[in-house]
file entry18.cif (mmCIF, C-alpha atoms)
data_coords
loop_
_atom_site.label_atom_id
_atom_site.label_comp_id
_atom_site.auth_asym_id
_atom_site.auth_seq_id
_atom_site.Cartn_x
_atom_site.Cartn_y
_atom_site.Cartn_z
CA MET A 98 0.00 0.00 0.00
CA GLU A 99 1.35 3.42 -0.95
CA ILE A 100 2.23 5.65 1.98
CA ARG A 101 0.31 8.45 0.25
CA LYS A 102 -2.85 6.35 0.46
CA ILE A 103 -2.27 5.73 4.16
CA VAL A 104 -1.84 9.47 4.78
CA GLU A 105 -5.15 10.16 3.04
CA LEU A 106 -6.96 7.30 4.77
CA LEU A 107 -5.94 8.34 8.27
CA ASP A 108 -5.95 12.08 7.64
CA ALA A 109 -2.35 11.95 8.83
CA GLU A 110 0.33 14.62 9.00
CA ILE A 111 3.70 14.01 7.38
CA VAL A 112 6.38 14.86 9.94
CA CYS A 113 9.32 14.04 7.68
CA GLY A 114 10.13 12.06 4.56
CA ALA A 115 7.50 13.74 2.34
CA ASP A 116 9.62 12.89 -0.72
CA LYS A 117 9.06 9.18 -0.10
CA ILE A 118 5.29 9.00 0.25
CA ASP A 119 4.90 7.41 -3.19
CA GLU A 120 6.80 4.40 -1.89
CA ALA A 121 4.83 1.42 -0.61
CA VAL A 122 4.74 -0.67 2.56
CA LYS A 123 3.73 -4.34 2.53
CA TYR A 124 2.75 -4.96 6.14
CA GLY A 125 1.56 -3.19 9.25
CA PHE A 126 2.71 -3.98 12.77
CA ALA A 127 1.30 -2.22 15.81
CA SER A 128 3.11 -2.18 19.13
CA ASP A 129 4.33 0.05 21.92
CA LEU A 130 6.81 -2.66 22.91
CA MET A 131 10.03 -2.21 20.97
CA SER A 132 11.23 -5.65 22.06
CA ASP A 133 8.44 -7.13 19.93
CA VAL A 134 9.40 -4.96 16.96
CA LEU A 135 12.96 -6.28 17.15
CA THR A 136 11.76 -9.86 16.67
CA LEU A 137 10.28 -9.21 13.22
CA ASP A 138 11.92 -10.77 10.17
CA SER A 139 9.67 -9.35 7.43
CA GLU A 140 10.59 -6.49 5.13
CA GLY A 141 8.45 -3.51 4.09
CA ILE A 142 6.83 -2.99 7.49
CA MET A 143 5.09 0.15 8.65
CA LEU A 144 5.23 0.44 12.45
CA VAL A 145 2.12 1.80 14.14
CA THR A 146 2.90 2.99 17.66
CA GLY A 147 2.04 5.45 20.39
CA LEU A 148 5.51 5.28 21.92
CA THR A 149 7.25 8.57 21.24
CA ASN A 150 10.88 8.50 22.28
CA LEU A 151 14.26 8.27 20.61
CA GLN A 152 14.37 4.50 21.04
CA THR A 153 11.34 4.11 18.79
CA ILE A 154 13.39 5.60 15.95
CA ARG A 155 16.51 3.61 16.92
CA THR A 156 14.49 0.40 16.99
CA ALA A 157 13.09 1.12 13.53
CA GLU A 158 16.60 1.85 12.27
CA MET A 159 17.90 -1.52 13.49
CA ALA A 160 14.83 -3.39 12.23
CA ASP A 161 15.04 -1.80 8.74
CA ILE A 162 11.64 -0.15 9.21
CA THR A 163 11.47 3.04 7.16
CA CYS A 164 7.92 4.21 7.89
CA ILE A 165 6.36 4.88 11.31
CA MET A 166 2.79 6.02 12.05
CA PHE A 167 2.43 7.63 15.48
CA VAL A 168 -1.11 7.42 16.84
CA ARG A 169 -3.09 9.14 19.62
CA ASN A 170 -1.88 12.61 18.60
CA LYS A 171 1.45 12.16 20.36
CA GLU A 172 4.18 14.75 20.18
CA ILE A 173 7.24 13.88 18.12
CA THR A 174 10.38 15.55 19.43
CA ASP A 175 12.94 17.39 17.32
CA GLU A 176 15.54 14.75 18.25
CA MET A 177 13.28 11.97 16.95
CA LYS A 178 12.68 13.87 13.73
CA ALA A 179 16.39 14.57 13.22
CA LEU A 180 17.34 10.92 13.75
CA ALA A 181 14.57 9.78 11.41
CA GLU A 182 15.72 12.22 8.72
CA GLU A 183 19.30 11.02 9.12
CA ASN A 184 18.06 7.51 8.39
CA GLY A 185 15.79 8.45 5.50
CA MET A 186 12.57 7.48 7.30
CA VAL A 187 9.00 8.61 6.80
CA LEU A 188 7.36 9.72 10.06
CA LEU A 189 3.60 10.18 10.10
CA GLU A 190 1.20 11.13 12.87
CA CYS A 191 -2.55 10.82 13.21
CA LYS A 192 -5.04 11.71 15.89
CA TYR A 193 -6.82 8.36 15.99
CA SER A 194 -6.40 5.69 18.65
CA MET A 195 -4.23 2.66 17.96
CA TYR A 196 -7.37 0.49 17.70
CA LYS A 197 -9.08 2.71 15.16
CA THR A 198 -5.90 3.25 13.14
CA VAL A 199 -5.18 -0.46 12.89
CA GLY A 200 -8.81 -1.24 12.06
CA MET A 201 -8.88 1.26 9.22
CA LEU A 202 -5.58 0.02 7.80
CA HIS A 203 -6.75 -3.58 7.96
CA VAL A 204 -10.03 -2.84 6.20
CA ALA A 205 -8.12 -0.90 3.54
CA GLY A 206 -6.06 -4.03 2.84
CA LEU A 207 -2.73 -3.56 4.62
CA ASP A 208 -1.64 -7.06 5.62
CA PRO A 209 -0.44 -8.04 9.10
CA VAL A 210 3.06 -9.47 9.59
CA TYR A 211 1.48 -12.55 11.20
CA MET B 125 38.96 -4.20 11.33
CA GLU B 126 38.35 -3.42 14.98
CA LEU B 127 35.83 -0.97 16.38
CA LYS B 128 35.29 0.07 19.99
CA TYR B 129 32.50 2.03 21.67
CA GLU B 130 31.81 3.14 25.22
CA VAL B 131 28.28 2.80 26.60
CA SER B 132 26.96 4.76 29.58
CA GLY B 133 24.56 3.00 31.93
CA GLY B 134 21.23 4.72 32.35
CA ASP B 135 21.68 7.11 29.42
CA PHE B 136 18.83 6.21 27.09
CA THR B 137 19.40 9.25 24.88
CA LYS B 138 22.52 7.58 23.49
CA ALA B 139 21.33 3.96 23.53
CA GLY B 140 21.76 2.60 20.03
CA TYR B 141 24.57 4.96 19.08
CA ALA B 142 27.12 2.14 18.81
CA SER B 143 24.71 -0.19 16.98
CA SER B 144 23.95 2.58 14.50
CA ALA B 145 27.65 3.22 13.91
CA VAL B 146 28.31 -0.50 13.36
CA LYS B 147 25.40 -0.71 10.94
CA LYS B 148 26.87 2.12 8.86
CA VAL B 149 30.27 0.39 8.74
CA LEU B 150 28.78 -2.95 7.70
CA LYS B 151 26.78 -1.23 4.96
CA LYS B 152 29.95 0.38 3.63
CA LEU B 153 31.58 -3.05 3.62
CA SER B 154 28.65 -4.31 1.48
CA VAL B 155 27.70 -7.04 3.94
CA ASP B 156 24.41 -8.80 3.02
CA PRO B 157 21.57 -6.57 4.39
CA LYS B 158 19.85 -9.58 6.00
CA ILE B 159 23.02 -10.41 7.91
CA ILE B 160 23.47 -6.75 8.86
CA LYS B 161 19.96 -6.70 10.32
CA ARG B 162 20.61 -9.83 12.41
CA ILE B 163 23.88 -8.41 13.72
CA VAL B 164 22.62 -4.94 14.59
CA VAL B 165 19.37 -6.20 16.16
CA ALA B 166 21.39 -8.49 18.44
CA LEU B 167 23.93 -5.74 19.16
CA TYR B 168 21.20 -3.19 19.87
CA GLU B 169 19.52 -5.57 22.31
CA GLY B 170 22.89 -5.92 24.04
CA GLU B 171 23.52 -2.19 24.05
CA VAL B 172 20.08 -1.53 25.54
CA ASN B 173 20.81 -4.17 28.20
CA VAL B 174 23.98 -2.29 29.23
CA VAL B 175 22.10 1.02 29.39
CA ALA B 176 19.22 -0.61 31.29
CA HIS B 177 21.16 -2.68 33.80
CA ALA B 178 24.84 -1.71 34.06
CA TYR B 179 26.88 1.29 35.22
CA LYS B 180 28.97 1.40 32.06
CA GLY B 181 30.16 -0.88 29.30
CA THR B 182 32.37 -1.37 26.28
CA ILE B 183 31.42 -2.78 22.89
CA SER B 184 34.24 -4.27 20.82
CA VAL B 185 33.62 -5.37 17.23
CA ASP B 186 36.11 -7.41 15.25
CA ILE B 187 35.28 -7.71 11.57
CA SER B 188 37.00 -10.25 9.35
CA PRO B 189 35.97 -11.65 5.95
CA GLU B 190 34.70 -14.84 7.62
CA ARG B 191 32.86 -13.59 10.66
CA ILE B 192 31.95 -10.72 12.92
CA PHE B 193 32.83 -11.06 16.58
CA ILE B 194 31.20 -8.70 19.07
CA ARG B 195 32.03 -8.51 22.77
CA ILE B 196 29.84 -6.47 25.10
CA GLU B 197 31.45 -6.08 28.52
CA ASP B 198 29.83 -4.20 31.32
CA GLU B 199 30.48 -3.18 34.89
CA GLY B 200 27.28 -3.75 36.75
CA PRO B 201 25.29 -5.95 39.08
CA GLY B 202 25.83 -9.09 36.99
CA ILE B 203 23.36 -11.90 36.35
CA PRO B 204 22.88 -14.38 39.22
CA ASP B 205 21.16 -17.04 37.07
CA ILE B 206 21.97 -16.89 33.34
CA ASP B 207 19.58 -19.72 32.41
CA LEU B 208 16.76 -17.80 34.05
CA ALA B 209 17.83 -14.58 32.26
CA MET B 210 17.63 -16.48 28.96
CA THR B 211 14.01 -17.40 29.65
CA VAL B 212 11.55 -15.47 27.48
CA GLY B 213 9.49 -13.16 29.68
CA TYR B 214 11.85 -13.09 32.66
CA SER B 215 12.88 -9.52 33.40
CA THR B 216 14.41 -7.43 36.16
CA ALA B 217 14.03 -4.17 34.23
CA SER B 218 12.98 -0.98 36.00
CA PRO B 219 9.75 0.89 35.19
CA ALA B 220 11.90 3.54 33.43
CA VAL B 221 13.27 0.90 31.05
CA ARG B 222 9.77 -0.41 30.36
CA GLU B 223 8.60 3.11 29.52
CA MET B 224 11.25 3.12 26.79
CA GLY B 225 9.58 0.10 25.18
CA PHE B 226 11.90 -2.55 26.57
CA GLY B 227 12.20 -4.74 29.64
CA ALA B 228 9.85 -7.51 28.53
CA GLY B 229 12.39 -10.28 29.05
CA MET B 230 13.03 -10.74 25.35
CA GLY B 231 16.51 -9.27 24.87
CA LEU B 232 18.85 -12.20 25.50
CA PRO B 233 16.58 -14.73 23.72
CA ASN B 234 16.41 -12.42 20.69
CA MET B 235 20.18 -12.03 20.72
CA LYS B 236 20.48 -15.83 20.66
CA LYS B 237 18.04 -16.02 17.75
CA ASN B 238 19.98 -13.47 15.70
CA ALA B 239 23.53 -14.70 16.34
CA ASP B 240 25.24 -17.87 15.16
CA GLU B 241 26.85 -18.16 18.58
CA LEU B 242 26.05 -16.44 21.86
CA ASN B 243 28.18 -16.73 24.98
CA VAL B 244 27.14 -15.10 28.25
CA SER B 245 29.28 -15.01 31.37
CA SER B 246 28.70 -13.00 34.49
CA LYS B 247 29.98 -12.34 37.99
CA VAL B 248 27.48 -10.99 40.47
CA GLY B 249 28.56 -7.60 41.74
CA GLN B 250 31.13 -7.16 38.95
CA GLY B 251 29.52 -7.35 35.55
CA THR B 252 28.51 -9.32 32.49
CA THR B 253 30.23 -10.23 29.24
CA VAL B 254 28.24 -11.19 26.15
CA GLU B 255 29.89 -12.48 22.98
CA LEU B 256 28.03 -12.54 19.68
CA ILE B 257 29.51 -14.37 16.72
CA THR B 258 28.01 -14.11 13.24
CA ASN B 259 29.41 -16.05 10.29
CA LEU B 260 29.49 -14.16 7.01
CA ASN B 261 29.71 -17.17 4.70
#

call {"tool": "encode", "arguments": {"input": "entry18.cif", "output": "structure tokens"}}
result
Amino acid sequence: MEIRKIVELLDAEIVCGADKIDEAVKYGFASDLMSDVLTLDSEGIMLVTGLTNLQTIRTAEMADITCIMFVRNKEITDEMKALAEENGMVLLECKYSMYKTVGMLHVAGLDPVY
Amino acid sequence: MELKYEVSGGDFTKAGYASSAVKKVLKKLSVDPKIIKRIVVALYEGEVNVVAHAYKGTISVDISPERIFIRIEDEGPGIPDIDLAMTVGYSTASPAVREMGFGAGMGLPNMKKNADELNVSSKVGQGTTVELITNLN
């Protein structure tokens, strides 16, 4: 699914990586537990999370995740944005709850990792 | 090639700095991206463990054409029961570590999954040494 479509679907804001929104993600994975994210083997994952700290970006960097959707209208810090930009990531934010975000993505056809 | 990084216990703002640096080096060396991911995920888990549990630590990385050898040595409380620490779900992490998205008792098991060889040794009251070996061929 194209990131652009996800932005439209969730009425999301693009925090950084606007030049990459025509790229696509294959799977969605929702978690606030970064330990779970680090166990994933799949490629082309968009992480959906409400955890806003630097380790969210670091975890995505190590797990080769290049697109993160932050839910629940959380604030993304300048340090997070800078680290994401350094790693060529797309950061998005939406005001919906995790449950609603995941539900909408699932109905729209974004596959789960498992 | 040998690389060395210092890790400060408790400083979550810098956790992952060494893993990120190693990832960049491995990319430059054109190591298979799937192998890079396994290495840096295991290393990052180890780096987070030092930040979460120890006072300070050192990460040494030795890269040769055949394999990558990583040693993570820390000065800290040590692990009284390594078998128990290797059990999925067992954790002694603080609430602060859990707020960072870690501390679910998955670190050491995930390091084992992502390395070809994992050696853990520890002395209570002194510290822990973790060795990660990844074959490149």

call {"tool": "atom_distance", "arguments": {"input": "entry18.cif", "atom1": "atom CA of B:Gly249", "atom2": "atom CA of B:Ala178"}}
result
10.4 Å

call {"tool": "resolve_selection", "arguments": {"input": "entry18.cif", "expression": "the PyMOL selection byres ((chain A and resi 191) around 7)", "output": "MDAnalysis selection string"}}
result
chainID A and resid 107:110 167:170 189:190 192:193

call {"tool": "write_last_selection", "arguments": {"input": "entry18.cif", "atoms": "C-alpha atoms", "output": "mmCIF file, in the frame of the given file"}}
result
data_model
loop_
_atom_site.group_PDB
_atom_site.id
_atom_site.type_symbol
_atom_site.label_atom_id
_atom_site.label_comp_id
_atom_site.auth_asym_id
_atom_site.auth_seq_id
_atom_site.Cartn_x
_atom_site.Cartn_y
_atom_site.Cartn_z
ATOM 1 C CA LEU A 107 -5.940 8.340 8.270
ATOM 2 C CA ASP A 108 -5.950 12.080 7.640
ATOM 3 C CA ALA A 109 -2.350 11.950 8.830
ATOM 4 C CA GLU A 110 0.330 14.620 9.000
ATOM 5 C CA PHE A 167 2.430 7.630 15.480
ATOM 6 C CA VAL A 168 -1.110 7.420 16.840
ATOM 7 C CA ARG A 169 -3.090 9.140 19.620
ATOM 8 C CA ASN A 170 -1.880 12.610 18.600
ATOM 9 C CA LEU A 189 3.600 10.180 10.100
ATOM 10 C CA GLU A 190 1.200 11.130 12.870
ATOM 11 C CA LYS A 192 -5.040 11.710 15.890
ATOM 12 C CA TYR A 193 -6.820 8.360 15.990
#

call {"tool": "atom_distance", "arguments": {"input": "entry18.cif", "atom1": "atom CA of B:Leu150", "atom2": "atom CA of A:Met186"}}
result
19.3 Å

call {"tool": "atom_distance", "arguments": {"input": "entry18.cif", "atom1": "atom CA of B:Val221", "atom2": "atom CA of B:Gly170"}}
result
13.7 Å

call {"tool": "residues_around", "arguments": {"input": "entry18.cif", "residues": "B:Leu242", "least_positions_apart": "5", "cutoff": "12 Å", "atoms": "all atoms listed in the file", "output": "list in words"}}
result
Ile163, Ala166, Leu167, Gly170, Phe193, Ile194, Arg195, Ile196, Met210, Leu232, Pro233, Asn234, Met235, Lys236, Lys237, Thr253, Val254, Glu255, Leu256, Ile257 and Thr258 of chain B

call {"tool": "resolve_selection", "arguments": {"input": "entry18.cif", "expression": "the PyMOL selection byres ((chain A) within 7 of (chain B))", "output": "count of residues only"}}
result
11

call {"tool": "closest_residue", "arguments": {"input": "entry18.cif", "among": "B:Ile159, B:Ile206, B:Val131, B:Val175", "to": "B:Ser218", "atoms": "all atoms listed in the file"}}
result
B:Val175

call {"tool": "build_atoms", "arguments": {"input": "entry18.cif", "residues": "stretch 102-132 of chain A", "atoms": "N, CA and C atoms", "output": "compact mmCIF listing (two decimals), keeping the file's coordinate frame"}}
result
# COMPACT_ATOMS: atom_id res chain seq x y z
N LYS A 102 -1.48 6.82 0.22
CA LYS A 102 -2.85 6.35 0.46
C LYS A 102 -3.13 6.26 1.97
N ILE A 103 -2.12 5.84 2.70
CA ILE A 103 -2.27 5.73 4.16
C ILE A 103 -2.47 7.12 4.79
N VAL A 104 -1.71 8.08 4.29
CA VAL A 104 -1.84 9.47 4.78
C VAL A 104 -3.27 9.97 4.56
N GLU A 105 -3.79 9.70 3.37
CA GLU A 105 -5.15 10.16 3.04
C GLU A 105 -6.19 9.44 3.90
N LEU A 106 -6.01 8.13 4.03
CA LEU A 106 -6.96 7.30 4.77
C LEU A 106 -7.09 7.74 6.23
N LEU A 107 -5.95 8.04 6.84
CA LEU A 107 -5.94 8.34 8.27
C LEU A 107 -5.89 9.84 8.56
N ASP A 108 -6.01 10.63 7.49
CA ASP A 108 -5.95 12.08 7.64
C ASP A 108 -4.70 12.46 8.44
N ALA A 109 -3.60 11.84 8.06
CA ALA A 109 -2.35 11.95 8.83
C ALA A 109 -1.51 13.15 8.39
N GLU A 110 -0.65 13.57 9.30
CA GLU A 110 0.33 14.62 9.00
C GLU A 110 1.66 13.94 8.66
N ILE A 111 2.37 14.52 7.71
CA ILE A 111 3.70 14.01 7.38
C ILE A 111 4.71 14.83 8.18
N VAL A 112 5.41 14.16 9.09
CA VAL A 112 6.38 14.86 9.94
C VAL A 112 7.71 15.02 9.21
N CYS A 113 8.12 13.95 8.52
CA CYS A 113 9.32 14.04 7.68
C CYS A 113 9.28 12.91 6.65
N GLY A 114 10.08 13.08 5.61
CA GLY A 114 10.13 12.06 4.56
C GLY A 114 9.06 12.24 3.49
N ALA A 115 8.59 13.48 3.30
CA ALA A 115 7.50 13.74 2.34
C ALA A 115 7.88 13.31 0.92
N ASP A 116 9.18 13.29 0.63
CA ASP A 116 9.62 12.89 -0.72
C ASP A 116 9.47 11.39 -0.96
N LYS A 117 9.13 10.64 0.07
CA LYS A 117 9.06 9.18 -0.10
C LYS A 117 7.64 8.64 0.01
N ILE A 118 6.64 9.50 -0.01
CA ILE A 118 5.29 9.00 0.25
C ILE A 118 4.68 8.25 -0.94
N ASP A 119 5.38 8.25 -2.08
CA ASP A 119 4.90 7.41 -3.19
C ASP A 119 5.46 5.99 -3.10
N GLU A 120 6.32 5.76 -2.12
CA GLU A 120 6.80 4.40 -1.89
C GLU A 120 5.72 3.60 -1.17
N ALA A 121 5.88 2.28 -1.18
CA ALA A 121 4.83 1.42 -0.61
C ALA A 121 5.34 0.62 0.58
N VAL A 122 4.44 0.27 1.48
CA VAL A 122 4.74 -0.67 2.56
C VAL A 122 3.90 -1.93 2.33
N LYS A 123 4.44 -3.07 2.76
CA LYS A 123 3.73 -4.34 2.53
C LYS A 123 2.88 -4.76 3.73
N TYR A 124 3.41 -4.48 4.92
CA TYR A 124 2.75 -4.96 6.14
C TYR A 124 2.63 -3.86 7.19
N GLY A 125 1.67 -4.06 8.08
CA GLY A 125 1.56 -3.19 9.25
C GLY A 125 1.83 -3.99 10.50
N PHE A 126 2.48 -3.34 11.47
CA PHE A 126 2.71 -3.98 12.77
C PHE A 126 2.51 -2.92 13.84
N ALA A 127 1.63 -3.22 14.79
CA ALA A 127 1.30 -2.22 15.81
C ALA A 127 1.80 -2.68 17.17
N SER A 128 2.62 -1.84 17.80
CA SER A 128 3.11 -2.18 19.13
C SER A 128 3.72 -0.96 19.81
N ASP A 129 3.59 -0.94 21.13
CA ASP A 129 4.33 0.05 21.92
C ASP A 129 5.53 -0.62 22.59
N LEU A 130 5.69 -1.90 22.33
CA LEU A 130 6.81 -2.66 22.91
C LEU A 130 7.88 -2.86 21.84
N MET A 131 8.98 -2.15 21.99
CA MET A 131 10.03 -2.21 20.97
C MET A 131 10.70 -3.58 20.93
N SER A 132 10.69 -4.29 22.04
CA SER A 132 11.23 -5.65 22.06
C SER A 132 10.51 -6.54 21.05
